[in-house]
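J.: Shown below is the structure under consideration.
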Amino acid sequence: MDDLDGRLSALIAEVRHNPAKSRKWRTAMNKLLLQIQQLPGVKKSAHPNYPAALNLTLEWVSREIANFEPRSPSVSKSFVNWINGYLGWRIKDLYSPDKDAPISLDAPIAVDAGETTRLELLPDFTLSGLDGMIESAQKETTQE
């Protein structure tokens with residue numbers, strides 16, 4: 001076992017030994033989280049929101065450290081693989097489109113006959129009530 005494996009094993013054992021959220025646990029967890037950021041092999045990304053993905057991963061580590069089981073050949077390699085398994089998905093999330101983002105009606109979309117916009121695909125409709133009065137007033141102002 002090399003020096004890094006020894007340090008990681010000791011930090012993980014110290015975190016597991018102390019009651020969760022206690023002062024000693026927080027101190028040990030802080031040391032472990034600082035060590036994680038310096039581990040060789042932890043996935044990186046040039047995405048501007050990578051720090052947020054790393055932060056989510058570090059929060060996950062603090063919740064799930066009790067479930068980590070070291071495997072051969074070394075503690076550090078298995079720990080990095082364990083972290084990268086979660087971090088890889090968080091990085092992938094950064095590059096996937098936001099499902100809650102508003103859809104632009106003016107954005108061009110491909111259809112069978114070429115390119116159009118969503119606005120052009122909407123059916124014509126008339127407004128009634130207050131919306132209709134507002135539209136009529138705007139048309140009159142435009143015509144004047």
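Each chain in the structure tokens gets a letter, A, B, ..., in the order shown, and its residues are numbered from 1; ligands are numbered from 1 in order too.
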Might you pull out every residue within 8 Å of A:Ile91, with only C-alpha atoms counted and same-chain residues fewer than 5 positions away left off, and present them as a list in words?

T.: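 Surrounding residues, per the criterion: Ser45, Tyr50 and Ala53 of chain A.
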
J.: Next, write the just-selected residues to a file, as a compact mmCIF listing (two decimals), in the first residue's frame, keeping N, CA and C atoms as the atom set.

T.:
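Generated output (result-v5.txt):
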# COMPACT_ATOMS: atom_id res chain seq x y z
N SER A 45 -13.65 18.57 -16.77
CA SER A 45 -14.39 19.04 -17.93
C SER A 45 -14.12 20.52 -18.11
N TYR A 50 -18.71 23.02 -14.65
CA TYR A 50 -18.06 21.85 -14.06
C TYR A 50 -17.95 21.96 -12.54
N ALA A 53 -20.99 20.57 -10.98
CA ALA A 53 -21.05 19.11 -11.08
C ALA A 53 -20.12 18.47 -10.05

J.: Residues within 9 Å of A:Ala107, please, as a list in words. Count only C-alpha atoms; anything in the same chain fewer than 4 positions from it doesn't count.

T.: Ile103, Thr116, Thr117, Arg118 and Leu119 of chain A

J.: Please provide as a list in words all residues within 12 Å of stretch 70-73 of chain A, with the sequence filter that same-chain residues fewer than 2 positions apart are discarded (counting only C-alpha atoms).

T.: Met1, Asp2, Asp5, Leu8, Ser9, Ile12, Ala13, Ile65, Ala66, Asn67, Phe68, Val75, Ser76, Lys77, Ser78, Phe79, Val80, Asn81, Trp82 and Ile83 of chain A

J.: Include all heavy atoms and write out the residues we just selected as a compact mmCIF listing (two decimals), in the first residue's frame.

T.:
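As written to disk, again.txt reads:
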# COMPACT_ATOMS: atom_id res chain seq x y z
N MET A 1 0.85 -1.17 0.00
CA MET A 1 0.00 0.00 0.00
C MET A 1 0.90 1.24 0.00
O MET A 1 1.75 1.38 0.85
CB MET A 1 -0.91 -0.03 1.24
CG MET A 1 -1.91 1.09 1.25
SD MET A 1 -2.98 1.14 2.70
CE MET A 1 -3.88 -0.37 2.60
N ASP A 2 0.67 2.11 -0.98
CA ASP A 2 1.51 3.30 -1.05
C ASP A 2 0.98 4.39 -0.12
O ASP A 2 -0.02 4.21 0.58
CB ASP A 2 1.64 3.78 -2.50
CG ASP A 2 0.35 4.30 -3.09
OD1 ASP A 2 -0.69 4.29 -2.40
OD2 ASP A 2 0.37 4.74 -4.25
N ASP A 5 -2.70 5.61 -0.83
CA ASP A 5 -3.66 4.61 -0.36
C ASP A 5 -3.80 4.65 1.16
O ASP A 5 -4.90 4.55 1.69
CB ASP A 5 -3.25 3.21 -0.81
CG ASP A 5 -3.56 2.94 -2.27
OD1 ASP A 5 -4.25 3.77 -2.89
OD2 ASP A 5 -3.10 1.92 -2.79
N LEU A 8 -5.78 7.85 2.15
CA LEU A 8 -7.20 7.70 1.84
C LEU A 8 -7.88 6.71 2.78
O LEU A 8 -8.98 6.97 3.28
CB LEU A 8 -7.39 7.25 0.39
CG LEU A 8 -7.30 8.32 -0.67
CD1 LEU A 8 -7.41 7.71 -2.06
CD2 LEU A 8 -8.37 9.38 -0.48
N SER A 9 -7.23 5.59 3.03
CA SER A 9 -7.80 4.59 3.93
C SER A 9 -8.02 5.17 5.32
O SER A 9 -9.06 4.95 5.95
CB SER A 9 -6.90 3.36 4.02
OG SER A 9 -6.84 2.71 2.78
N ILE A 12 -10.96 7.77 5.18
CA ILE A 12 -12.24 7.09 5.04
C ILE A 12 -12.62 6.41 6.35
O ILE A 12 -13.77 6.50 6.80
CB ILE A 12 -12.21 6.09 3.86
CG1 ILE A 12 -12.10 6.85 2.54
CG2 ILE A 12 -13.45 5.19 3.86
CD1 ILE A 12 -11.78 5.98 1.34
N ALA A 13 -11.65 5.76 6.99
CA ALA A 13 -11.92 5.11 8.27
C ALA A 13 -12.31 6.13 9.34
O ALA A 13 -13.22 5.88 10.14
CB ALA A 13 -10.69 4.33 8.71
N ILE A 65 -20.44 7.79 1.56
CA ILE A 65 -19.11 7.24 1.86
C ILE A 65 -19.19 5.90 2.58
O ILE A 65 -18.32 5.05 2.41
CB ILE A 65 -18.25 8.26 2.65
CG1 ILE A 65 -16.80 7.82 2.71
CG2 ILE A 65 -18.83 8.50 4.03
CD1 ILE A 65 -16.09 7.79 1.39
N ALA A 66 -20.24 5.69 3.34
CA ALA A 66 -20.39 4.41 4.05
C ALA A 66 -20.57 3.25 3.08
O ALA A 66 -20.29 2.10 3.43
CB ALA A 66 -21.57 4.49 5.01
N ASN A 67 -21.01 3.53 1.86
CA ASN A 67 -21.25 2.47 0.87
C ASN A 67 -20.03 2.17 0.01
O ASN A 67 -20.08 1.26 -0.81
CB ASN A 67 -22.41 2.87 -0.05
CG ASN A 67 -23.70 3.00 0.72
OD1 ASN A 67 -23.94 2.31 1.70
ND2 ASN A 67 -24.54 3.93 0.29
N PHE A 68 -18.95 2.92 0.18
CA PHE A 68 -17.76 2.69 -0.62
C PHE A 68 -17.04 1.43 -0.14
O PHE A 68 -16.76 1.27 1.04
CB PHE A 68 -16.80 3.89 -0.55
CG PHE A 68 -15.46 3.61 -1.16
CD1 PHE A 68 -15.33 3.41 -2.52
CD2 PHE A 68 -14.33 3.52 -0.37
CE1 PHE A 68 -14.10 3.14 -3.09
CE2 PHE A 68 -13.09 3.25 -0.92
CZ PHE A 68 -12.97 3.06 -2.28
N VAL A 75 -6.68 1.22 -3.09
CA VAL A 75 -7.79 2.00 -2.55
C VAL A 75 -7.99 3.26 -3.40
O VAL A 75 -9.11 3.61 -3.75
CB VAL A 75 -7.52 2.38 -1.07
CG1 VAL A 75 -8.58 3.34 -0.56
CG2 VAL A 75 -7.45 1.15 -0.21
N SER A 76 -6.88 3.92 -3.76
CA SER A 76 -7.00 5.18 -4.50
C SER A 76 -7.64 4.95 -5.87
O SER A 76 -8.50 5.73 -6.28
CB SER A 76 -5.65 5.87 -4.63
OG SER A 76 -4.74 5.05 -5.33
N LYS A 77 -7.24 3.90 -6.58
CA LYS A 77 -7.82 3.64 -7.90
C LYS A 77 -9.30 3.29 -7.81
O LYS A 77 -10.12 3.78 -8.59
CB LYS A 77 -7.07 2.52 -8.61
CG LYS A 77 -5.71 2.96 -9.12
CD LYS A 77 -5.00 1.86 -9.86
CE LYS A 77 -3.63 2.35 -10.31
NZ LYS A 77 -2.87 1.30 -10.97
N SER A 78 -9.67 2.46 -6.85
CA SER A 78 -11.08 2.11 -6.72
C SER A 78 -11.90 3.30 -6.23
O SER A 78 -13.05 3.48 -6.65
CB SER A 78 -11.26 0.90 -5.80
OG SER A 78 -10.79 1.16 -4.51
N PHE A 79 -11.31 4.17 -5.39
CA PHE A 79 -12.00 5.37 -4.91
C PHE A 79 -12.23 6.34 -6.07
O PHE A 79 -13.32 6.89 -6.22
CB PHE A 79 -11.20 6.02 -3.79
CG PHE A 79 -11.95 7.04 -2.99
CD1 PHE A 79 -13.16 6.73 -2.39
CD2 PHE A 79 -11.45 8.32 -2.83
CE1 PHE A 79 -13.85 7.67 -1.64
CE2 PHE A 79 -12.13 9.27 -2.09
CZ PHE A 79 -13.34 8.95 -1.50
N VAL A 80 -11.22 6.53 -6.90
CA VAL A 80 -11.35 7.41 -8.07
C VAL A 80 -12.40 6.85 -9.02
O VAL A 80 -13.24 7.59 -9.55
CB VAL A 80 -10.00 7.62 -8.78
CG1 VAL A 80 -10.17 8.24 -10.16
CG2 VAL A 80 -9.06 8.46 -7.93
N ASN A 81 -12.40 5.55 -9.25
CA ASN A 81 -13.41 4.93 -10.12
C ASN A 81 -14.81 5.12 -9.55
O ASN A 81 -15.77 5.37 -10.29
CB ASN A 81 -13.12 3.44 -10.32
CG ASN A 81 -11.94 3.20 -11.22
OD1 ASN A 81 -11.55 4.07 -12.01
ND2 ASN A 81 -11.34 2.03 -11.11
N TRP A 82 -14.94 4.98 -8.24
CA TRP A 82 -16.23 5.15 -7.56
C TRP A 82 -16.73 6.59 -7.74
O TRP A 82 -17.89 6.81 -8.08
CB TRP A 82 -16.06 4.78 -6.09
CG TRP A 82 -17.31 4.79 -5.28
CD1 TRP A 82 -18.37 3.95 -5.37
CD2 TRP A 82 -17.61 5.69 -4.20
NE1 TRP A 82 -19.31 4.26 -4.43
CE2 TRP A 82 -18.87 5.32 -3.69
CE3 TRP A 82 -16.93 6.75 -3.61
CZ2 TRP A 82 -19.47 5.98 -2.63
CZ3 TRP A 82 -17.52 7.40 -2.55
CH2 TRP A 82 -18.77 7.03 -2.07
N ILE A 83 -15.85 7.55 -7.53
CA ILE A 83 -16.20 8.96 -7.68
C ILE A 83 -16.52 9.28 -9.14
O ILE A 83 -17.52 9.95 -9.45
CB ILE A 83 -15.06 9.87 -7.16
CG1 ILE A 83 -14.96 9.73 -5.66
CG2 ILE A 83 -15.27 11.32 -7.56
CD1 ILE A 83 -13.70 10.34 -5.08

J.: Give the helix (DSSP H, G or I) residues of stretch 1-143 of chain A, as DSSP finds them on the backbone, and put them as a ChimeraX atom specification.

T.: /A:3-17,23-38,50-67,75-95,118-121,129-143

J.: Quick one: of A:Arg90, A:Arg16, A:Arg7, A:Arg26, who's nearest to A:Trp60, counting only C-alpha atoms?

T.: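 Answer, going by the shortest atom-to-atom distance: A:Arg90.
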
J.: Name the closest residue to A:Pro40 among the candidates A:Glu135, A:Val15, A:Leu4, A:Asp100; distances are taken between atoms, counting only C-alpha atoms.

T.: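 Distance minimum relative to A:Pro40 lands on A:Leu4.
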
J.: Would you mind reading off the distance between atom CA of A:Leu87 and atom CA of A:Gln35, one decimal, in Å?

T.: 15.7 Å

J.: So what do you get for atom CA of A:Pro48 versus atom CA of A:Ile36, distance-wise?

T.: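 It comes out at 20.0 Å.
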
J.: Could you please determine the separation between atom CA of A:Lys21 and atom CA of A:Glu64 in Å, to one decimal place?

T.: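 It comes out at 13.2 Å.
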
J.: Please identify which residues in chain A DSSP calls strand (DSSP E or B) from the backbone, and express them as a list in words.

T.: Pro108, Ile109, Ala110, Val111, Gly114, Glu115, Thr116 and Thr117 of chain A

J.: Kindly export the residues of the current selection with N, CA, C and O atoms, as a short mmCIF file (atom, residue, chain, number, x, y, z; two decimals), in the first residue's frame.

T.:
data_model
loop_
_atom_site.label_atom_id
_atom_site.label_comp_id
_atom_site.auth_asym_id
_atom_site.auth_seq_id
_atom_site.Cartn_x
_atom_site.Cartn_y
_atom_site.Cartn_z
N PRO A 108 -35.77 28.07 -35.89
CA PRO A 108 -36.06 27.26 -37.09
C PRO A 108 -36.07 25.77 -36.76
O PRO A 108 -35.28 25.29 -35.95
N ILE A 109 -37.02 25.08 -37.36
CA ILE A 109 -37.10 23.62 -37.21
C ILE A 109 -37.22 23.01 -38.60
O ILE A 109 -37.70 23.64 -39.53
N ALA A 110 -36.76 21.78 -38.71
CA ALA A 110 -36.82 21.08 -39.99
C ALA A 110 -38.15 20.34 -40.12
O ALA A 110 -38.61 19.69 -39.18
N VAL A 111 -38.75 20.48 -41.26
CA VAL A 111 -39.96 19.72 -41.59
C VAL A 111 -39.74 19.08 -42.95
O VAL A 111 -38.73 19.32 -43.61
N GLY A 114 -38.85 21.46 -45.85
CA GLY A 114 -37.75 22.41 -45.64
C GLY A 114 -37.68 22.86 -44.20
O GLY A 114 -37.79 22.06 -43.29
N GLU A 115 -37.52 24.18 -44.02
CA GLU A 115 -37.37 24.73 -42.69
C GLU A 115 -38.49 25.71 -42.40
O GLU A 115 -38.92 26.46 -43.27
N THR A 116 -38.98 25.71 -41.20
CA THR A 116 -40.03 26.63 -40.77
C THR A 116 -39.83 26.93 -39.29
O THR A 116 -38.84 26.53 -38.71
N THR A 117 -40.77 27.62 -38.68
CA THR A 117 -40.71 27.88 -37.24
C THR A 117 -41.94 27.30 -36.59
O THR A 117 -42.94 27.02 -37.25
#
